[in-house]
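Coordinates from upload_38.txt are shown below (compact mmCIF, C-alpha atoms and all ligand atoms).
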```
# COMPACT_ATOMS: atom_id res chain seq x y z
CA MET A 1 -17.65 20.46 96.30
CA PRO A 2 -17.77 18.42 93.08
CA LEU A 3 -17.19 14.73 93.71
CA LYS A 4 -14.56 14.58 90.98
CA ASP A 5 -12.29 17.05 92.81
CA THR A 6 -12.69 15.10 95.99
CA ILE A 7 -11.79 11.83 94.32
CA VAL A 8 -8.79 13.22 92.49
CA ARG A 9 -7.32 14.38 95.76
CA ASP A 10 -8.20 11.16 97.49
CA THR A 11 -6.37 9.05 94.94
CA SER A 12 -2.79 10.11 95.63
CA PRO A 13 -2.61 9.38 99.36
CA ALA A 14 -4.20 5.99 98.71
CA ARG A 15 -1.45 5.20 96.21
CA VAL A 16 1.25 6.27 98.61
CA ARG A 17 -0.20 4.20 101.44
CA ARG A 18 -0.41 1.18 99.18
CA THR A 19 3.20 1.62 98.10
CA HIS A 20 4.53 1.80 101.62
CA ARG A 21 2.45 -1.07 102.86
CA LYS A 22 3.17 -3.55 100.14
CA GLY A 23 6.71 -2.90 98.98
CA SER A 24 8.57 -2.47 95.72
CA GLU A 25 6.18 -4.41 93.50
CA HIS A 26 3.56 -1.83 94.35
CA LEU A 27 5.95 1.05 93.87
CA VAL A 28 5.98 0.04 90.21
CA SER A 29 2.21 -0.20 90.19
CA ALA A 30 1.85 3.18 91.89
CA ASN A 31 4.02 4.72 89.19
CA GLU A 32 1.94 2.96 86.56
CA SER A 33 -1.16 4.26 88.30
CA ALA A 34 0.22 7.80 88.16
CA ASP A 35 0.91 7.33 84.44
CA ALA A 36 -2.62 5.99 84.04
CA ALA A 37 -4.12 9.14 85.51
CA ALA A 38 -2.01 11.18 83.07
CA THR A 39 -3.13 9.06 80.10
CA PRO A 40 -6.59 7.76 80.95
CA VAL A 41 -7.87 4.48 79.54
CA ARG A 42 -10.49 4.99 76.83
CA TYR A 43 -13.67 3.44 78.16
CA VAL A 44 -17.16 3.02 76.65
CA CYS A 45 -20.26 2.39 78.81
CA LEU A 46 -23.54 0.99 77.46
CA PRO A 47 -26.14 1.89 80.12
CA GLY A 48 -29.83 1.19 79.64
CA CYS A 49 -32.41 -1.58 79.89
CA ARG A 50 -31.62 -5.30 79.83
CA PHE A 51 -32.44 -7.35 76.74
CA THR A 52 -31.87 -4.33 74.53
CA GLY A 53 -29.14 -5.83 72.36
CA SER A 54 -26.11 -4.63 74.32
CA THR A 55 -24.43 -8.04 74.15
CA LEU A 56 -24.89 -7.92 70.39
CA LEU A 57 -23.43 -4.41 70.23
CA GLY A 58 -20.57 -5.38 72.53
CA SER A 59 -19.74 -8.36 70.32
CA LEU A 60 -19.89 -6.20 67.19
CA LEU A 61 -17.58 -3.64 68.77
CA ASN A 62 -15.23 -6.40 69.89
CA GLU A 63 -14.73 -7.19 66.20
CA HIS A 64 -13.49 -3.65 65.60
CA PRO A 65 -9.68 -3.50 65.31
CA ASP A 66 -9.53 -0.79 68.02
CA CYS A 67 -12.18 -2.02 70.50
CA ALA A 68 -12.18 -4.83 73.05
CA SER A 69 -15.19 -6.12 74.98
CA VAL A 70 -15.42 -8.91 77.53
CA GLY A 71 -19.11 -8.27 78.26
CA ALA A 72 -20.18 -6.55 81.48
CA ALA A 73 -17.09 -5.33 83.34
CA THR A 74 -19.02 -5.69 86.60
CA GLY A 75 -18.58 -9.45 86.27
CA LEU A 76 -20.54 -12.58 86.91
CA ILE A 77 -23.90 -12.71 88.65
CA ARG A 78 -24.46 -14.68 91.85
CA ARG A 79 -26.18 -17.72 90.32
CA THR A 80 -23.29 -18.40 87.90
CA ASP A 81 -21.99 -21.95 88.46
CA LEU A 82 -18.27 -21.68 87.83
CA SER A 83 -17.86 -25.47 87.71
CA THR A 84 -19.75 -25.51 84.39
CA TYR A 85 -19.72 -21.88 83.16
CA ARG A 86 -18.04 -21.42 79.80
CA CYS A 87 -16.28 -18.43 78.29
CA SER A 88 -17.41 -17.47 74.76
CA CYS A 89 -14.16 -19.02 73.47
CA GLY A 90 -15.61 -22.42 74.47
CA GLU A 91 -13.23 -23.11 77.37
CA LEU A 92 -14.45 -23.45 80.94
CA PHE A 93 -14.25 -19.93 82.33
CA ARG A 94 -11.94 -21.03 85.15
CA THR A 95 -9.42 -22.63 82.79
CA CYS A 96 -9.61 -20.07 79.97
CA ALA A 97 -6.03 -18.86 79.40
CA PHE A 98 -7.23 -15.36 78.61
CA TRP A 99 -9.06 -14.92 81.91
CA ASN A 100 -6.23 -16.48 83.90
CA HIS A 101 -3.87 -13.99 82.27
CA ILE A 102 -6.22 -11.07 83.07
CA GLU A 103 -6.51 -12.17 86.69
CA ALA A 104 -2.72 -12.36 87.05
CA ARG A 105 -2.08 -9.13 85.18
CA THR A 106 -4.52 -7.08 87.30
CA ARG A 107 -2.63 -8.36 90.34
CA ALA A 108 0.66 -7.23 88.79
CA LEU A 109 -0.89 -3.82 88.06
CA GLY A 110 -1.51 -3.43 91.79
CA HIS A 111 -5.30 -3.53 91.60
CA PRO A 112 -6.31 -7.22 91.53
CA VAL A 113 -9.71 -7.96 90.05
CA ASN A 114 -11.50 -11.01 91.49
CA VAL A 115 -12.59 -12.38 88.11
CA PHE A 116 -13.09 -15.93 89.40
CA GLU A 117 -15.71 -14.87 91.93
CA THR A 118 -19.44 -14.48 91.35
CA ASN A 119 -22.02 -11.97 92.70
CA PHE A 120 -20.14 -9.18 90.90
CA TRP A 121 -16.43 -8.42 90.79
CA ASN A 122 -14.72 -5.65 92.77
CA THR A 123 -15.19 -3.47 89.66
CA HIS A 124 -18.81 -2.99 90.80
CA LEU A 125 -19.56 -0.17 93.22
CA ARG A 126 -20.94 -1.21 96.58
CA LEU A 127 -21.09 1.37 99.34
CA SER A 128 -22.83 -0.96 101.77
CA ARG A 129 -23.38 -4.70 102.07
CA HIS A 130 -26.97 -3.98 103.02
CA HIS A 131 -29.17 -3.76 99.97
CA VAL A 132 -31.32 -0.84 101.15
CA ALA A 133 -28.38 1.19 102.49
CA ASN A 134 -26.46 0.63 99.26
CA ALA A 135 -29.48 1.77 97.24
CA LEU A 136 -29.74 4.97 99.31
CA LEU A 137 -26.01 5.72 99.05
CA ALA A 138 -25.09 4.63 95.52
CA ARG A 139 -28.18 4.12 93.38
CA SER A 140 -30.51 6.69 91.83
CA LEU A 141 -33.15 8.21 94.10
CA LYS A 142 -35.28 8.78 90.97
CA SER A 143 -34.86 12.55 91.12
CA GLY A 144 -31.99 14.64 89.74
CA PRO A 145 -31.99 17.22 92.60
CA LEU A 146 -32.24 14.49 95.28
CA ASN A 147 -29.38 12.57 93.66
CA ARG A 148 -27.21 15.70 93.64
CA ILE A 149 -27.84 16.46 97.32
CA ARG A 150 -27.21 12.84 98.28
CA ASP A 151 -24.02 12.68 96.16
CA ALA A 152 -22.70 15.85 97.80
CA VAL A 153 -23.26 14.31 101.24
CA VAL A 154 -21.76 10.93 100.29
CA SER A 155 -18.73 12.61 98.66
CA ILE A 156 -17.52 13.91 102.03
CA VAL A 157 -17.73 10.51 103.71
CA PRO A 158 -14.15 9.15 103.55
CA GLY A 159 -15.19 5.48 103.39
CA ALA A 160 -17.54 6.09 100.48
CA ARG A 161 -14.97 8.23 98.66
CA ALA A 162 -12.36 5.51 99.03
CA ALA A 163 -14.81 2.84 97.78
CA VAL A 164 -15.50 4.81 94.60
CA THR A 165 -11.78 5.34 94.01
CA ARG A 166 -11.04 1.66 94.67
CA MET A 167 -13.78 0.57 92.25
CA GLY A 168 -12.35 3.00 89.70
CA TRP A 169 -8.82 1.61 89.94
CA ASN A 170 -10.09 -1.97 89.76
CA THR A 171 -12.06 -1.05 86.65
CA TRP A 172 -8.98 0.68 85.21
CA SER A 173 -6.91 -2.41 86.02
CA LEU A 174 -9.35 -4.77 84.25
CA ALA A 175 -9.62 -2.53 81.19
CA SER A 176 -5.84 -2.00 81.03
CA ALA A 177 -5.15 -5.73 81.24
CA VAL A 178 -7.70 -6.52 78.51
CA LEU A 179 -6.46 -3.76 76.19
CA GLU A 180 -2.84 -4.77 76.71
CA ARG A 181 -3.62 -8.44 76.01
CA THR A 182 -5.73 -7.73 72.91
CA GLY A 183 -3.51 -4.93 71.57
CA LYS A 184 -6.55 -2.63 71.32
CA THR A 185 -7.15 0.90 72.57
CA VAL A 186 -10.82 1.28 73.55
CA PHE A 187 -12.49 -0.85 76.24
CA VAL A 188 -16.23 -1.53 75.84
CA ASP A 189 -18.21 -2.33 79.02
CA THR A 190 -21.67 -3.76 78.27
CA ALA A 191 -22.91 -3.46 81.90
CA ARG A 192 -26.41 -1.99 81.77
CA ASP A 193 -25.91 -0.25 85.13
CA HIS A 194 -27.19 3.29 84.54
CA GLN A 195 -25.27 4.75 87.50
CA ARG A 196 -21.92 3.38 86.35
CA PRO A 197 -21.06 6.11 83.78
CA LYS A 198 -21.77 8.77 86.43
CA TYR A 199 -19.14 7.34 88.79
CA LEU A 200 -16.61 6.28 86.17
CA SER A 201 -16.69 9.58 84.24
CA ARG A 202 -15.55 11.45 87.37
CA LEU A 203 -12.38 9.39 87.73
CA PRO A 204 -9.11 10.70 86.28
CA MET A 205 -7.80 7.32 85.13
CA LEU A 206 -10.71 6.72 82.72
CA ASP A 207 -11.80 8.65 79.62
CA VAL A 208 -15.48 7.68 79.45
CA LYS A 209 -17.89 7.81 76.54
CA VAL A 210 -21.45 6.51 76.59
CA ILE A 211 -23.58 4.77 73.99
CA HIS A 212 -27.16 4.74 75.27
CA LEU A 213 -28.71 1.84 73.36
CA VAL A 214 -32.53 1.91 73.44
CA ARG A 215 -34.99 -0.62 72.05
CA ASP A 216 -38.67 -0.13 71.17
CA PRO A 217 -40.55 -0.67 74.48
CA ARG A 218 -42.81 -3.31 72.92
CA GLY A 219 -39.95 -5.53 71.73
CA ASN A 220 -37.89 -4.86 74.85
CA SER A 221 -40.82 -5.56 77.23
CA ALA A 222 -41.69 -8.78 75.40
CA SER A 223 -38.06 -9.89 75.70
CA ILE A 224 -37.96 -9.07 79.44
CA MET A 225 -41.20 -11.05 79.93
CA LYS A 226 -39.87 -14.03 77.98
CA HIS A 227 -36.54 -14.19 79.80
CA THR A 228 -37.58 -13.31 83.35
CA GLY A 229 -41.25 -14.33 83.56
CA VAL A 230 -42.52 -10.95 84.83
CA ASP A 231 -45.90 -9.52 83.75
CA VAL A 232 -46.24 -6.88 81.07
CA ALA A 233 -46.69 -3.93 83.45
CA THR A 234 -43.53 -4.85 85.37
CA ALA A 235 -41.56 -5.23 82.15
CA ALA A 236 -42.75 -1.87 80.83
CA ARG A 237 -41.89 -0.19 84.15
CA GLN A 238 -38.41 -1.74 84.07
CA TRP A 239 -37.93 -0.42 80.54
CA ALA A 240 -39.05 3.10 81.44
CA HIS A 241 -37.02 3.19 84.67
CA ALA A 242 -33.77 1.96 83.10
CA ASN A 243 -33.96 4.39 80.19
CA VAL A 244 -35.10 7.41 82.23
CA GLU A 245 -32.23 6.81 84.66
CA ALA A 246 -29.68 6.30 81.87
CA ALA A 247 -30.81 9.57 80.27
CA ARG A 248 -30.58 11.34 83.65
CA VAL A 249 -26.87 10.49 83.80
CA ARG A 250 -26.30 12.37 80.55
CA ARG A 251 -25.81 15.65 82.42
CA TYR A 252 -22.64 14.30 84.02
CA LEU A 253 -20.82 13.91 80.69
CA PRO A 254 -19.83 16.41 78.00
CA GLN A 255 -22.31 16.46 75.12
CA GLU A 256 -19.75 15.06 72.67
CA SER A 257 -19.20 12.02 74.92
CA TRP A 258 -22.77 10.76 74.61
CA LEU A 259 -24.39 8.87 71.73
CA SER A 260 -28.03 7.73 71.76
CA LEU A 261 -28.74 4.77 69.52
CA HIS A 262 -31.80 2.69 68.62
CA TYR A 263 -31.47 -1.10 68.53
CA GLU A 264 -33.69 -1.13 65.43
CA ALA A 265 -31.28 1.18 63.57
CA LEU A 266 -28.38 -1.09 64.52
CA CYS A 267 -30.18 -4.16 63.12
CA ALA A 268 -31.31 -2.37 59.95
CA ASP A 269 -27.83 -1.14 59.03
CA PRO A 270 -25.09 -2.63 61.20
CA ALA A 271 -22.30 -1.42 58.92
CA GLY A 272 -23.62 2.15 58.79
CA VAL A 273 -24.16 2.30 62.56
CA MET A 274 -20.70 0.87 63.23
CA GLU A 275 -19.26 3.65 61.08
CA ARG A 276 -21.22 6.22 63.09
CA ILE A 277 -19.91 4.72 66.32
CA SER A 278 -16.33 4.71 64.99
CA GLU A 279 -16.65 8.42 64.20
CA PHE A 280 -18.12 9.07 67.64
CA LEU A 281 -15.21 7.24 69.29
CA GLY A 282 -12.65 8.82 66.98
CA ILE A 283 -11.27 5.48 65.84
CA GLY A 284 -10.64 3.90 62.45
CA PRO A 285 -13.27 2.31 60.22
CA PRO A 286 -14.92 -0.94 61.35
CA ARG A 287 -14.01 -4.31 59.86
CA MET A 288 -17.30 -5.77 58.66
CA GLN A 289 -16.70 -7.38 55.28
CA HIS A 290 -16.90 -11.02 56.25
CA GLY A 291 -19.53 -10.92 58.94
CA PHE A 292 -18.71 -11.38 62.58
CA ARG A 293 -17.10 -13.81 64.92
CA ASP A 294 -14.15 -14.65 62.68
CA SER A 295 -11.86 -14.30 65.68
CA VAL A 296 -11.84 -15.86 69.14
CA SER A 297 -13.58 -13.81 71.83
CA HIS A 298 -13.65 -14.09 75.62
CA ILE A 299 -17.00 -12.57 76.51
CA ILE A 300 -19.18 -13.20 79.55
CA GLY A 301 -22.92 -12.51 79.59
CA ASN A 302 -26.14 -13.93 78.21
CA LYS A 303 -26.54 -16.73 75.69
CA MET A 304 -26.17 -14.32 72.78
CA ARG A 305 -22.43 -14.40 73.36
CA MET A 306 -22.26 -18.05 72.26
CA LYS A 307 -24.10 -17.53 68.98
CA GLY A 308 -22.53 -16.81 65.65
CA LEU A 309 -23.14 -13.24 64.63
CA GLY A 310 -23.10 -13.75 60.88
CA GLU A 311 -26.72 -12.70 60.62
CA ILE A 312 -28.03 -9.74 62.54
CA GLN A 313 -31.77 -9.61 62.48
CA GLU A 314 -34.18 -7.46 64.44
CA ASP A 315 -36.15 -9.60 66.90
CA LEU A 316 -39.78 -8.80 66.02
CA SER A 317 -41.36 -11.72 67.89
CA TRP A 318 -43.29 -9.24 70.09
CA GLN A 319 -45.63 -8.65 67.12
CA THR A 320 -47.11 -12.10 67.64
CA SER A 321 -46.38 -12.70 71.34
CA LEU A 322 -48.05 -9.53 72.67
CA GLY A 323 -51.86 -9.13 72.70
CA ASP A 324 -53.67 -5.81 72.20
CA ALA A 325 -54.25 -5.38 75.94
CA GLU A 326 -50.54 -5.89 76.63
CA VAL A 327 -49.54 -3.37 73.97
CA SER A 328 -51.99 -0.87 75.54
CA THR A 329 -50.43 -1.44 78.95
CA ILE A 330 -46.95 -0.78 77.54
CA ALA A 331 -48.23 2.38 75.81
CA ARG A 332 -49.71 3.64 79.08
CA ILE A 333 -46.62 2.95 81.20
CA ALA A 334 -43.74 3.47 78.75
CA GLY A 335 -45.41 5.74 76.18
CA PRO A 336 -44.09 9.13 77.30
CA THR A 337 -40.55 7.80 77.73
CA SER A 338 -40.79 6.07 74.35
CA ARG A 339 -41.54 9.46 72.76
CA ASN A 340 -38.70 11.09 74.68
CA MET A 341 -36.32 8.42 73.43
CA GLY A 342 -37.14 9.29 69.82
CA TYR A 343 -39.74 6.65 68.97
CA VAL A 344 -42.85 7.63 67.01
CA TRP A 345 -44.90 5.06 68.96
CA PRO A 346 -47.37 5.29 70.67
ZN ZN A 401 -12.03 -17.55 76.89
```

Could you render the structure from this file as structure tokens?
Ligand SMILES: [Zn+2]
Amino acid sequence: MPLKDTIVRDTSPARVRRTHRKGSEHLVSANESADAAATPVRYVCLPGCRFTGSTLLGSLLNEHPDCASVGAATGLIRRTDLSTYRCSCGELFRTCAFWNHIEARTRALGHPVNVFETNFWNTHLRLSRHHVANALLARSLKSGPLNRIRDAVVSIVPGARAAVTRMGWNTWSLASAVLERTGKTVFVDTARDHQRPKYLSRLPMLDVKVIHLVRDPRGNSASIMKHTGVDVATAARQWAHANVEAARVRRYLPQESWLSLHYEALCADPAGVMERISEFLGIGPPRMQHGFRDSVSHIIGNKMRMKGLGEIQEDLSWQTSLGDAEVSTIARIAGPTSRNMGYVWP
């Protein structure tokens, strides 16, 4: 039985239970939830490798009159120190009026999102608190057929089904609150989680499209090494794994809902690529005349979010930071995937 069918059926009883348990405030939210399933929220995922330029793309899209991005919709990582962490608007995250509004509004929508907590929000799918069990239940098993068998088994486990539905409604609630507050119509989630589009695209309250942003494995590996301190082989393996897994998820979405994009193309012609993306999303033309960051944003994520975006330039520092042996290692590990992703190297 397809997981989507299972989840659709599972959603209604959950809404009814919630309504009865929590009173009239939730009756309103249940009705809103029913409306939401009838008119799904337009939602864009950006799966792929880290340090690919997704924060840049998310910030660019946030400048579009129809798109809103707050960074990764899965929230803040565990080591975030909320006593000092700042929103991209410059305010302390905890006191930012935007985020306080979003927190309150998701509560009013009947699916509160714990935005002031770290180690991910409840918009992130966890099927078990134990790392290994969660990986076996919810993450890729690195094989399409194995994933399908596992998913079929997990889909008939009521607890797992309910967790996916709950995560879906929380994600819907966050996106709805952000779109309502910003007056925009398309929510852009820069989470690199390659499994996320698979789960979200099966849910009736979201209308999911994917932009798979890929960066040349040499530049991407060098960036991973610089930011995380891993060796070149590890970085190249991370690149290959993230992109292979993102591409594997493609089969779960209609062809017209998937766009593959190179980071280098985005840097070479941001205006042209933004037009392509606007066509793909079926929205109006982008607003790019005066450069970026002419409005206030409330984005979480890496340091890129705090920089002005007036100049977009391809990061080519790998050309000097990587030695010949390192480039050979990347070619050996990531070469075949690089070719599959449309690169002419190696
Ligand atoms: Zn803010």

So that each row is one residue of chain A with an atom at most 8 Å from ligand ZN 401 (chain A), can you give its shortest atom pair and the distance in Å to one decimal, using all atoms listed in the file, rows by chain and rising number, as a Markdown table?
```
| residue | atom | partner | partner_atom | distance |
| --- | --- | --- | --- | --- |
| A:Arg86 | CA | A:ZN401 | ZN | 7.7 |
| A:Cys87 | CA | A:ZN401 | ZN | 4.6 |
| A:Ser88 | CA | A:ZN401 | ZN | 5.8 |
| A:Cys89 | CA | A:ZN401 | ZN | 4.3 |
| A:Gly90 | CA | A:ZN401 | ZN | 6.5 |
| A:Glu91 | CA | A:ZN401 | ZN | 5.7 |
| A:Leu92 | CA | A:ZN401 | ZN | 7.6 |
| A:Phe93 | CA | A:ZN401 | ZN | 6.3 |
| A:Cys96 | CA | A:ZN401 | ZN | 4.7 |
| A:Ala97 | CA | A:ZN401 | ZN | 6.6 |
| A:Phe98 | CA | A:ZN401 | ZN | 5.5 |
| A:Trp99 | CA | A:ZN401 | ZN | 6.4 |
| A:Val296 | CA | A:ZN401 | ZN | 7.9 |
| A:Ser297 | CA | A:ZN401 | ZN | 6.5 |
| A:His298 | CA | A:ZN401 | ZN | 4.0 |
| A:Ile299 | CA | A:ZN401 | ZN | 7.0 |
```

Next item on the list: Determine, counting all atoms listed in the file, which protein, DNA and RNA residues have an atom within 6 Å of an atom of Phe187 of chain A; residues of the same chain fewer than 2 positions away are not included. Present the result as a VMD selection string.
Entry: chain A and resid 43 67 to 68 175

How big is the axis-aligned box, and where does its centre sit, when it encloses all atoms of segment 189-193 of chain A listed in the file and has 3 Å added on every side, reported in Å to one decimal as lines of an AutoDock Vina configuration file?
```
center_x = -22.3
center_y = -2.0
center_z = 81.7
size_x = 14.2
size_y = 9.5
size_z = 12.9
```

Checklist line | atom CA of Arg202 of chain A to atom CA of Pro112 of chain A, straight-line distance in Å | finding: 21.2 Å

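Separating atom CA of Tyr85 of chain A from atom CA of His101 of chain A is a distance of 17.7 Å.
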
Margin query: Could you list, as a ChimeraX atom specification, every residue within 9 Å of segment 127-138 of chain A, counting only C-alpha atoms and ignoring same-chain residues fewer than 5 positions away?
Written below: /A:150-151,154,159-160,163-164,195
